[in-house]
$ cat start-v6.cif   # mmCIF, C-alpha atoms and all ligand atoms
data_upload
loop_
_atom_site.label_atom_id
_atom_site.label_comp_id
_atom_site.auth_asym_id
_atom_site.auth_seq_id
_atom_site.Cartn_x
_atom_site.Cartn_y
_atom_site.Cartn_z
CA MET A 347 -1.41 -23.75 -6.34
CA SER A 348 -4.48 -21.55 -6.79
CA THR A 349 -6.04 -21.64 -10.25
CA ARG A 350 -7.50 -18.13 -10.03
CA PRO A 351 -5.63 -14.85 -9.64
CA ILE A 352 -4.76 -13.82 -6.09
CA ILE A 353 -5.93 -10.29 -5.42
CA LEU A 354 -4.16 -7.79 -3.17
CA GLY A 355 -5.74 -4.46 -2.23
CA ILE A 356 -3.61 -1.46 -1.33
CA VAL A 357 -5.91 1.35 -0.31
CA GLY A 358 -5.23 4.74 1.24
CA ASP A 359 -5.57 8.46 0.67
CA SER A 360 -3.80 10.33 -2.09
CA ALA A 361 0.03 10.16 -1.76
CA ALA A 362 -0.19 7.71 1.15
CA GLY A 363 2.45 5.58 -0.63
CA LYS A 364 0.30 3.03 -2.49
CA THR A 365 2.14 3.10 -5.81
CA THR A 366 5.53 3.05 -4.10
CA LEU A 367 4.65 -0.01 -1.99
CA THR A 368 2.97 -1.74 -4.94
CA ARG A 369 6.13 -1.46 -7.06
CA GLY A 370 8.27 -3.22 -4.46
CA ILE A 371 5.80 -6.08 -4.01
CA ALA A 372 5.48 -6.54 -7.78
CA GLN A 373 9.28 -6.78 -7.99
CA ILE A 374 9.35 -9.61 -5.45
CA LEU A 375 6.41 -11.50 -6.95
CA GLY A 376 7.92 -11.11 -10.44
CA GLU A 377 6.60 -8.28 -12.61
CA GLU A 378 5.51 -10.63 -15.42
CA ASP A 379 3.16 -12.38 -12.97
CA VAL A 380 1.60 -9.21 -11.57
CA THR A 381 -1.20 -7.09 -13.03
CA VAL A 382 -1.42 -3.67 -11.36
CA ILE A 383 -4.64 -1.68 -11.58
CA CYS A 384 -5.06 1.82 -10.14
CA THR A 385 -8.68 2.56 -9.26
CA ASP A 386 -8.25 6.25 -10.21
CA ASP A 387 -9.19 4.83 -13.63
CA TYR A 388 -12.76 4.49 -12.37
CA HIS A 389 -13.22 8.27 -11.89
CA ARG A 390 -16.67 9.20 -13.24
CA TYR A 391 -15.72 12.78 -14.17
CA ASP A 392 -12.66 14.33 -15.73
CA ARG A 393 -10.76 17.08 -13.88
CA LYS A 394 -12.71 19.94 -15.47
CA GLN A 395 -16.09 18.34 -14.72
CA ARG A 396 -15.06 17.72 -11.09
CA ALA A 397 -14.12 21.38 -10.69
CA GLU A 398 -17.44 22.51 -12.25
CA LYS A 399 -19.48 20.20 -10.04
CA GLY A 400 -17.43 20.97 -6.93
CA ILE A 401 -16.96 17.27 -6.19
CA SER A 402 -13.69 15.63 -5.14
CA ALA A 403 -12.20 12.43 -6.59
CA LEU A 404 -12.47 10.95 -3.09
CA HIS A 405 -16.27 10.98 -3.09
CA PRO A 406 -17.91 7.63 -4.01
CA ASP A 407 -20.33 9.50 -6.32
CA CYS A 408 -17.32 10.70 -8.29
CA ASN A 409 -16.34 7.13 -9.18
CA TYR A 410 -17.94 4.23 -11.03
CA LEU A 411 -17.86 1.93 -8.00
CA ASP A 412 -20.38 -0.43 -9.66
CA ILE A 413 -18.08 -0.99 -12.64
CA MET A 414 -15.07 -1.38 -10.33
CA GLN A 415 -16.98 -3.98 -8.31
CA GLN A 416 -17.97 -5.91 -11.43
CA HIS A 417 -14.39 -5.82 -12.70
CA LEU A 418 -13.08 -7.09 -9.34
CA ASN A 419 -15.47 -10.04 -9.60
CA GLN A 420 -14.32 -10.77 -13.14
CA LEU A 421 -10.65 -10.55 -12.23
CA ARG A 422 -11.16 -12.84 -9.26
CA THR A 423 -12.46 -15.55 -11.56
CA GLY A 424 -9.66 -14.97 -14.05
CA GLN A 425 -11.75 -13.16 -16.67
CA PRO A 426 -10.41 -10.21 -18.67
CA ILE A 427 -11.88 -6.72 -18.30
CA LEU A 428 -12.25 -3.62 -20.42
CA LYS A 429 -10.84 -1.08 -18.00
CA PRO A 430 -11.42 2.67 -18.24
CA ILE A 431 -8.38 4.96 -18.14
CA TYR A 432 -7.91 8.24 -16.25
CA ASN A 433 -4.91 10.22 -17.45
CA HIS A 434 -3.23 12.09 -14.59
CA ASP A 435 -1.15 14.15 -17.02
CA ASN A 436 -4.11 15.95 -18.59
CA GLY A 437 -6.98 15.08 -16.24
CA MET A 438 -8.99 13.42 -19.06
CA LEU A 439 -10.78 10.08 -19.35
CA GLU A 440 -9.42 8.01 -22.23
CA THR A 441 -10.38 5.02 -24.37
CA PRO A 442 -10.63 1.87 -22.21
CA GLU A 443 -7.98 -0.85 -22.39
CA TYR A 444 -8.27 -4.65 -22.41
CA ILE A 445 -6.65 -6.27 -19.36
CA LYS A 446 -6.10 -10.00 -18.84
CA PRO A 447 -5.25 -10.85 -15.23
CA THR A 448 -2.00 -12.67 -14.45
CA LYS A 449 -1.23 -14.90 -11.44
CA PHE A 450 -1.35 -11.93 -9.05
CA VAL A 451 -3.44 -8.77 -9.28
CA ILE A 452 -2.74 -5.66 -7.21
CA ILE A 453 -5.58 -3.15 -6.96
CA GLU A 454 -4.39 0.16 -5.58
CA GLY A 455 -6.41 3.28 -5.02
CA LEU A 456 -8.72 5.41 -2.95
CA LEU A 457 -11.97 3.45 -2.56
CA GLY A 458 -11.18 -0.25 -3.04
CA TYR A 459 -13.00 -1.32 0.15
CA ALA A 460 -15.92 1.11 -0.16
CA THR A 461 -18.54 -1.64 -0.41
CA ARG A 462 -18.88 -5.04 1.22
CA ALA A 463 -19.00 -6.72 -2.20
CA CYS A 464 -15.68 -5.11 -3.16
CA GLN A 465 -14.08 -6.08 0.16
CA ASP A 466 -15.02 -9.72 -0.46
CA CYS A 467 -13.05 -9.82 -3.71
CA PHE A 468 -9.64 -9.44 -2.06
CA ASP A 469 -7.42 -12.18 -0.70
CA VAL A 470 -5.25 -9.69 1.20
CA LYS A 471 -6.35 -6.19 2.20
CA VAL A 472 -3.78 -3.54 3.12
CA PHE A 473 -4.47 0.05 4.20
CA LEU A 474 -1.81 2.76 4.16
CA ALA A 475 -2.08 5.34 6.92
CA PRO A 476 0.98 7.60 7.31
CA PRO A 477 0.58 10.54 9.72
CA GLU A 478 -1.20 13.36 7.89
CA SER A 479 1.84 15.66 8.20
CA LEU A 480 4.01 13.10 6.36
CA ARG A 481 1.32 12.49 3.72
CA THR A 482 1.14 16.26 3.12
CA GLN A 483 4.92 16.37 2.59
CA TRP A 484 4.77 13.41 0.20
CA LYS A 485 1.81 14.83 -1.73
CA VAL A 486 3.41 18.26 -2.15
CA LYS A 487 6.65 16.66 -3.35
CA ARG A 488 4.94 14.24 -5.78
CA ASP A 489 2.25 16.59 -7.15
CA THR A 490 4.68 19.47 -7.74
CA ALA A 491 7.29 17.18 -9.34
CA LYS A 492 4.99 14.91 -11.37
CA ARG A 493 1.51 16.38 -11.71
CA GLY A 494 2.20 20.03 -12.51
CA TYR A 495 0.69 21.62 -9.37
CA THR A 496 2.16 24.40 -7.22
CA THR A 497 2.67 23.86 -3.48
CA GLU A 498 -0.22 26.26 -2.70
CA GLU A 499 -2.54 24.37 -5.07
CA VAL A 500 -1.71 21.06 -3.40
CA LEU A 501 -2.26 22.45 0.10
CA GLU A 502 -5.56 24.03 -0.97
CA GLN A 503 -6.66 20.73 -2.54
CA LEU A 504 -5.83 18.86 0.70
CA ARG A 505 -7.87 21.38 2.70
CA LYS A 506 -10.87 21.06 0.38
CA ARG A 507 -10.77 17.26 0.41
CA GLU A 508 -10.31 16.82 4.17
CA SER A 509 -14.02 16.19 4.87
CA ASP A 510 -14.19 13.51 2.15
CA SER A 511 -10.97 11.92 3.47
CA GLU A 512 -12.55 11.71 6.90
CA GLU A 513 -15.94 10.44 5.68
CA PHE A 514 -14.98 8.04 2.87
CA ILE A 515 -11.27 7.14 2.89
CA ARG A 516 -10.16 6.67 6.52
CA PRO A 517 -13.12 4.47 7.63
CA GLN A 518 -11.98 1.80 5.15
CA ARG A 519 -9.11 1.04 7.53
CA GLN A 520 -11.46 -1.10 9.64
CA TRP A 521 -12.02 -3.66 6.85
CA THR A 522 -8.36 -4.50 6.33
CA ASP A 523 -5.93 -7.24 7.32
CA ILE A 524 -2.85 -5.02 7.68
CA VAL A 525 -2.58 -1.28 8.35
CA VAL A 526 0.81 0.12 7.36
CA SER A 527 2.03 3.42 8.83
CA PHE A 528 5.49 4.72 8.04
CA TYR A 529 6.37 7.50 10.48
CA PRO A 530 9.39 9.53 11.59
CA SER A 531 10.77 8.81 15.06
CA ALA A 532 10.66 11.51 17.73
CA GLU A 533 14.37 12.28 17.17
CA GLN A 534 13.94 12.69 13.44
CA ILE A 535 13.27 16.41 13.36
CA HIS A 536 14.14 16.80 9.70
CA GLY A 537 12.30 13.66 8.60
CA ASN A 538 14.80 11.64 6.56
CA ASP A 539 12.53 9.32 4.53
CA LEU A 540 15.16 6.58 4.53
CA MET A 541 15.08 6.32 8.32
CA LEU A 542 11.30 6.11 8.77
CA ASN A 543 9.94 3.57 11.23
CA VAL A 544 6.98 1.36 10.36
CA ARG A 545 3.98 0.40 12.50
CA LEU A 546 2.14 -2.66 11.18
CA VAL A 547 -1.30 -3.35 12.59
CA LEU A 548 -1.97 -7.06 12.15
CA ARG A 549 -5.64 -8.03 12.39
CA PRO A 550 -6.51 -11.67 13.06
CA THR A 551 -8.45 -11.80 9.76
CA ILE A 552 -5.61 -13.71 8.06
CA PRO A 553 -2.99 -15.97 9.68
CA HIS A 554 0.15 -13.92 10.20
CA PRO A 555 3.63 -15.42 10.64
CA ASN A 556 4.39 -16.41 14.22
CA PHE A 557 6.03 -13.18 15.35
CA THR A 558 5.66 -14.16 19.02
CA ARG A 559 9.09 -15.76 18.65
CA ILE A 560 10.62 -12.30 18.89
CA LEU A 561 9.29 -12.10 22.46
CA ASP A 562 11.49 -15.01 23.53
CA PRO A 563 13.79 -13.82 26.38
CA SER A 564 16.79 -15.02 24.35
CA LYS A 565 15.85 -12.41 21.73
CA SER A 566 15.84 -9.39 24.06
CA HIS A 567 18.50 -7.73 21.86
CA LEU A 568 15.71 -7.12 19.30
CA SER A 569 13.68 -4.79 21.49
CA SER A 570 15.76 -1.69 20.77
CA ALA A 571 14.37 -1.67 17.21
CA ILE A 572 11.68 -4.35 16.86
CA ARG A 573 8.61 -4.59 19.06
CA LEU A 574 5.48 -6.76 19.12
CA GLU A 575 2.61 -5.44 21.22
CA LEU A 576 -1.06 -5.91 21.84
CA ASP A 577 -3.18 -2.87 21.08
CA ARG A 578 -6.59 -1.77 19.78
CA ASP A 579 -7.32 -0.38 16.33
CA MET A 580 -10.71 1.25 15.79
CA GLY A 581 -11.81 -0.45 18.99
CA LYS A 582 -10.78 -3.99 17.98
CA PRO A 583 -7.87 -5.92 19.56
CA VAL A 584 -4.88 -6.24 17.23
CA ASP A 585 -1.23 -7.21 17.30
CA VAL A 586 1.16 -4.43 16.38
CA LEU A 587 4.63 -5.01 14.98
CA GLU A 588 6.98 -2.03 14.89
CA VAL A 589 10.31 -1.87 13.10
CA ASP A 590 12.53 1.16 13.54
CA GLY A 591 14.51 2.72 10.73
CA HIS A 592 17.73 2.27 12.75
CA ALA A 593 17.29 -1.54 13.05
CA THR A 594 20.55 -3.35 12.41
CA SER A 595 21.03 -5.99 9.76
CA GLU A 596 21.27 -8.64 12.53
CA GLN A 597 17.94 -7.58 14.06
CA VAL A 598 16.27 -7.58 10.66
CA LYS A 599 17.58 -11.06 9.90
CA GLU A 600 15.65 -12.43 12.88
CA LEU A 601 12.38 -11.24 11.35
CA GLU A 602 13.40 -12.49 7.93
CA ARG A 603 14.04 -15.92 9.45
CA ILE A 604 10.46 -16.02 10.74
CA LEU A 605 9.11 -15.19 7.28
CA CYS A 606 11.46 -17.58 5.47
CA ASN A 607 10.76 -20.38 7.89
CA ASP A 608 7.29 -20.72 6.34
CA ILE A 609 8.24 -19.64 2.82
CA PRO A 610 11.91 -20.31 1.94
CA TYR A 611 11.32 -18.75 -1.50
CA LEU A 612 11.38 -15.31 0.20
CA GLY A 613 15.02 -15.94 1.16
CA LYS A 614 16.41 -14.62 -2.09
CA PHE A 615 14.79 -11.24 -1.40
CA CYS A 616 16.25 -11.02 2.11
CA SER A 617 19.45 -9.61 3.56
CA LEU A 618 19.70 -13.10 5.13
CA GLU A 619 21.01 -14.34 1.82
CA GLY A 620 23.07 -11.22 1.19
CA ASN A 621 20.59 -9.45 -1.07
CA GLN A 622 21.79 -5.83 -1.34
CA ASP A 623 18.61 -4.62 -3.05
CA ILE A 624 16.29 -5.42 -0.17
CA GLY A 625 13.80 -2.60 0.36
CA LYS A 626 15.22 -0.63 -2.56
CA ILE A 627 12.57 0.79 -4.84
CA ILE A 628 12.16 3.73 -7.13
CA GLY A 629 9.59 6.15 -5.68
CA THR A 630 6.98 7.80 -7.88
CA THR A 631 9.17 10.88 -8.27
CA GLY A 632 12.12 8.81 -9.47
CA GLU A 633 14.06 8.80 -6.20
CA THR A 634 15.58 5.59 -4.81
CA LEU A 635 14.13 4.49 -1.48
CA GLN A 636 15.83 1.84 0.63
CA SER A 637 15.02 0.99 4.20
CA TYR A 638 14.59 -2.12 6.32
CA PRO A 639 11.08 -1.14 7.52
CA LEU A 640 9.98 -0.79 3.90
CA ALA A 641 11.66 -4.07 2.91
CA LEU A 642 10.04 -6.01 5.76
CA THR A 643 6.64 -4.55 4.94
CA GLN A 644 7.00 -5.68 1.32
CA LEU A 645 8.15 -9.13 2.43
CA LEU A 646 5.26 -9.56 4.86
CA ILE A 647 2.65 -8.61 2.24
CA THR A 648 4.31 -10.89 -0.32
CA TYR A 649 4.30 -13.69 2.27
CA HIS A 650 0.50 -13.38 2.47
CA MET A 651 0.13 -13.35 -1.33
CA LEU A 652 2.19 -16.53 -1.66
CA LYS A 653 0.28 -18.18 1.18
CA ALA A 654 -3.02 -17.27 -0.48
CA ALA A 655 -1.76 -18.75 -3.74
CA ARG A 656 -0.68 -21.89 -1.86
CA ILE A 657 2.72 -21.59 -3.52
CA TYR A 658 5.84 -22.66 -1.63
CA GLN A 659 3.95 -24.33 1.21
N1 LIG A 701 7.62 4.26 2.25
C1 LIG A 701 7.99 5.45 1.78
N2 LIG A 701 9.14 6.02 2.21
C2 LIG A 701 9.52 7.23 1.76
N3 LIG A 701 8.80 7.98 0.88
C3 LIG A 701 7.67 7.46 0.41
C4 LIG A 701 7.19 6.18 0.83
N4 LIG A 701 6.01 5.96 0.20
C5 LIG A 701 5.77 7.04 -0.56
N5 LIG A 701 6.76 7.95 -0.45
C6 LIG A 701 6.83 9.28 -1.10
O1 LIG A 701 5.50 9.76 -1.29
C7 LIG A 701 5.23 10.05 -2.65
C8 LIG A 701 3.82 9.62 -2.98
O2 LIG A 701 3.75 8.21 -2.95
P1 LIG A 701 2.87 7.37 -3.98
O3 LIG A 701 2.90 7.99 -5.33
O4 LIG A 701 3.32 5.97 -3.85
O5 LIG A 701 1.43 7.58 -3.33
P2 LIG A 701 0.02 7.06 -3.85
O6 LIG A 701 -0.70 6.64 -2.63
O7 LIG A 701 0.19 6.03 -4.92
O8 LIG A 701 -0.64 8.37 -4.45
P3 LIG A 701 -1.92 8.60 -5.42
O9 LIG A 701 -3.04 7.75 -4.96
O10 LIG A 701 -2.25 10.04 -5.21
O11 LIG A 701 -1.49 8.28 -6.81
C9 LIG A 701 6.31 9.31 -3.43
O12 LIG A 701 6.67 10.02 -4.59
C10 LIG A 701 7.47 9.20 -2.48
O13 LIG A 701 8.26 10.35 -2.60
O1 LIG A 702 -6.47 11.67 -5.23
C1 LIG A 702 -6.01 11.36 -6.31
C2 LIG A 702 -5.46 10.01 -6.50
O2 LIG A 702 -4.22 10.04 -7.10
C3 LIG A 702 -6.04 12.32 -7.42
O3 LIG A 702 -6.05 13.60 -6.92
C4 LIG A 702 -7.28 12.07 -8.22
O4 LIG A 702 -7.08 10.88 -8.98
C5 LIG A 702 -7.61 13.23 -9.14
O5 LIG A 702 -6.58 13.44 -10.03
P1 LIG A 702 -6.00 14.87 -10.40
O6 LIG A 702 -5.29 15.35 -9.16
O7 LIG A 702 -5.13 14.51 -11.56
O8 LIG A 702 -7.13 15.76 -10.80
#
$ encode --input "start-v6.cif" --output "structure tokens"
Amino acid sequence: MSTRPIILGIVGDSAAGKTTLTRGIAQILGEEDVTVICTDDYHRYDRKQRAEKGISALHPDCNYLDIMQQHLNQLRTGQPILKPIYNHDNGMLETPEYIKPTKFVIIEGLLGYATRACQDCFDVKVFLAPPESLRTQWKVKRDTAKRGYTTEEVLEQLRKRESDSEEFIRPQRQWTDIVVSFYPSAEQIHGNDLMLNVRLVLRPTIPHPNFTRILDPSKSHLSSAIRLELDRDMGKPVDVLEVDGHATSEQVKELERILCNDIPYLGKFCSLEGNQDIGKIIGTTGETLQSYPLALTQLLITYHMLKAARIYQ
């Protein structure tokens, strides 16, 4: 087993689903073993100062990336940090807190892979990239319910930040091991979040489970909901695994078998062993989310964390 903390990055634009995904993975790894850090805490300016300066929270200059980088290095070697705090309720920076890393550390936020030195601190790097229309829906819902904004304010904020999203957030996708995109199928006109499909871009930067087994002719019954294809992402060849929201329990079990074959420990979090809670998590607005694509995404990322920790091998 690794003697230093294993570090997972979950990066993506605002309301891309980072906190929601993080919660599910922490549940599987065991919450007492997981330290979660949101890099919004490294904002350089409070909300009022950002408005005065006309700078968005997405801009690297609006964040203490040097402190974040130093803290990532410390966490990677198991050292504690004195982490700043940004309070989303009132938009203020608060007194820092002392954080001692546990077995697993999840770093979620906007600019985790902004520099090469930061990228090198992670064992597993995930990027969340829902279609922009879905992210807008999620951001409006979350920011009106939890952060005290009106719909018009959220839409205006998204418009103002678009150029920074394009310049600083989206390019980070290229440095990652897995790109996760939940998306509604063509038939889903009214976008039921529980039926979203997932597209997982798997770069050959870490060894993924052997999904080629699903291409076996004897497994042709999988293809109506589960597909493995070769594609390109930002110009580079990648494997792409897609799981549809309408996948049946039997189809999902085939994928679970592939994951559990390498790491039997994952079995207790699978429908394979009758777990009813698979893929069920509380979203950041308090709603319960449960879907197979979400569950399989959590299991795959957890698989990589356990592999990196050399546990259950
Ligand atoms: N996989 C998902 N399926 C359905 N809904 C989701 C999913 N992920 C996120 N959401 C919805 O989107 C909202 C925003 O997600 P979340 O708070 O996780 O985003 P975030 O990336 O952590 O945002 P921020 O960086 O701005 O804090 C959630 O409240 C939830 O309603
Ligand atoms: O993109 C964001 C990440 O959550 C926030 O908008 C950013 O942290 C600024 O916060 P606020 O909206 O509270 O001013």
$ atom_distance --input "start-v6.cif" --atom1 "atom CA of A:Ile352" --atom2 "atom CA of A:Lys582"
26.7 Å
$ residues_near_ligand --input "start-v6.cif" --ligand "ligand LIG 702 (chain A)" --cutoff "6 Å" --atoms "only C-alpha atoms and all ligand atoms" --output "NGL selection string"
:A and (360 or 386 or 393 or 403 or 434 or 437)
$ residues_near_ligand --input "start-v6.cif" --ligand "ligand LIG 701 (chain A)" --cutoff "6 Å" --atoms "all atoms listed in the file" --output "PyMOL selection string"
chain A and resi 360-366+455+484-485+488+539+629-631+640
$ closest_residue --input "start-v6.cif" --among "A:His554, A:Arg545, A:Arg559, A:Lys653" --to "A:Pro639" --atoms "only C-alpha atoms"
A:Arg545
$ residues_around --input "start-v6.cif" --residues "A:Ile383" --least-positions-apart "5" --cutoff "8 Å" --atoms "all atoms listed in the file" --output "list of chain:residue names"
A:Val451, A:Ile452, A:Ile453, A:Glu454
$ closest_residue --input "start-v6.cif" --among "A:Gly424, A:Gly370, A:Pro406, A:Pro430" --to "A:Asp387" --atoms "all atoms listed in the file"
A:Pro430
$ axis_aligned_box --input "start-v6.cif" --around "stretch 507-523 of chain A" --padding-each-side "5 Å" --output "JSON"
{"center_x": -10.9, "center_y": 5.0, "center_z": 5.0, "size_x": 20.0, "size_y": 34.5, "size_z": 19.2}
$ build_atoms --input "start-v6.cif" --residues "stretch 585-604 of chain A" --atoms "N, CA and C atoms" --output "mmCIF file, in the frame of the given file"
data_model
loop_
_atom_site.group_PDB
_atom_site.id
_atom_site.type_symbol
_atom_site.label_atom_id
_atom_site.label_comp_id
_atom_site.auth_asym_id
_atom_site.auth_seq_id
_atom_site.Cartn_x
_atom_site.Cartn_y
_atom_site.Cartn_z
ATOM 1 N N ASP A 585 -2.657 -7.166 17.004
ATOM 2 C CA ASP A 585 -1.230 -7.210 17.300
ATOM 3 C C ASP A 585 -0.582 -6.066 16.509
ATOM 4 N N VAL A 586 0.447 -5.501 17.085
ATOM 5 C CA VAL A 586 1.160 -4.430 16.380
ATOM 6 C C VAL A 586 2.643 -4.773 16.352
ATOM 7 N N LEU A 587 3.200 -4.780 15.137
ATOM 8 C CA LEU A 587 4.630 -5.010 14.980
ATOM 9 C C LEU A 587 5.263 -3.697 14.542
ATOM 10 N N GLU A 588 6.292 -3.273 15.283
ATOM 11 C CA GLU A 588 6.980 -2.030 14.890
ATOM 12 C C GLU A 588 8.438 -2.340 14.566
ATOM 13 N N VAL A 589 8.899 -1.732 13.469
ATOM 14 C CA VAL A 589 10.310 -1.870 13.100
ATOM 15 C C VAL A 589 10.872 -0.474 12.921
ATOM 16 N N ASP A 590 11.941 -0.175 13.630
ATOM 17 C CA ASP A 590 12.530 1.160 13.540
ATOM 18 C C ASP A 590 13.508 1.263 12.372
ATOM 19 N N GLY A 591 13.607 2.477 11.865
ATOM 20 C CA GLY A 591 14.510 2.720 10.730
ATOM 21 C C GLY A 591 15.961 2.430 11.071
ATOM 22 N N HIS A 592 16.323 2.501 12.376
ATOM 23 C CA HIS A 592 17.730 2.270 12.750
ATOM 24 C C HIS A 592 18.016 0.794 13.062
ATOM 25 N N ALA A 593 17.054 -0.100 12.775
ATOM 26 C CA ALA A 593 17.290 -1.540 13.050
ATOM 27 C C ALA A 593 18.566 -1.991 12.343
ATOM 28 N N THR A 594 19.300 -2.863 13.011
ATOM 29 C CA THR A 594 20.550 -3.350 12.410
ATOM 30 C C THR A 594 20.238 -4.542 11.502
ATOM 31 N N SER A 595 21.186 -4.859 10.676
ATOM 32 C CA SER A 595 21.030 -5.990 9.760
ATOM 33 C C SER A 595 20.766 -7.282 10.555
ATOM 34 N N GLU A 596 21.450 -7.424 11.710
ATOM 35 C CA GLU A 596 21.270 -8.640 12.530
ATOM 36 C C GLU A 596 19.843 -8.724 13.068
ATOM 37 N N GLN A 597 19.316 -7.591 13.519
ATOM 38 C CA GLN A 597 17.940 -7.580 14.060
ATOM 39 C C GLN A 597 16.938 -7.918 12.954
ATOM 40 N N VAL A 598 17.172 -7.348 11.784
ATOM 41 C CA VAL A 598 16.270 -7.580 10.660
ATOM 42 C C VAL A 598 16.289 -9.054 10.245
ATOM 43 N N LYS A 599 17.463 -9.645 10.307
ATOM 44 C CA LYS A 599 17.580 -11.060 9.900
ATOM 45 C C LYS A 599 16.705 -11.976 10.752
ATOM 46 N N GLU A 600 16.515 -11.609 12.017
ATOM 47 C CA GLU A 600 15.650 -12.430 12.880
ATOM 48 C C GLU A 600 14.218 -12.454 12.334
ATOM 49 N N LEU A 601 13.738 -11.292 11.908
ATOM 50 C CA LEU A 601 12.380 -11.240 11.350
ATOM 51 C C LEU A 601 12.324 -11.969 10.011
ATOM 52 N N GLU A 602 13.357 -11.797 9.222
ATOM 53 C CA GLU A 602 13.400 -12.490 7.930
ATOM 54 C C GLU A 602 13.364 -14.004 8.134
ATOM 55 N N ARG A 603 14.051 -14.473 9.185
ATOM 56 C CA ARG A 603 14.040 -15.920 9.450
ATOM 57 C C ARG A 603 12.629 -16.412 9.703
ATOM 58 N N ILE A 604 11.849 -15.621 10.434
ATOM 59 C CA ILE A 604 10.460 -16.020 10.740
ATOM 60 C C ILE A 604 9.661 -16.134 9.435
#
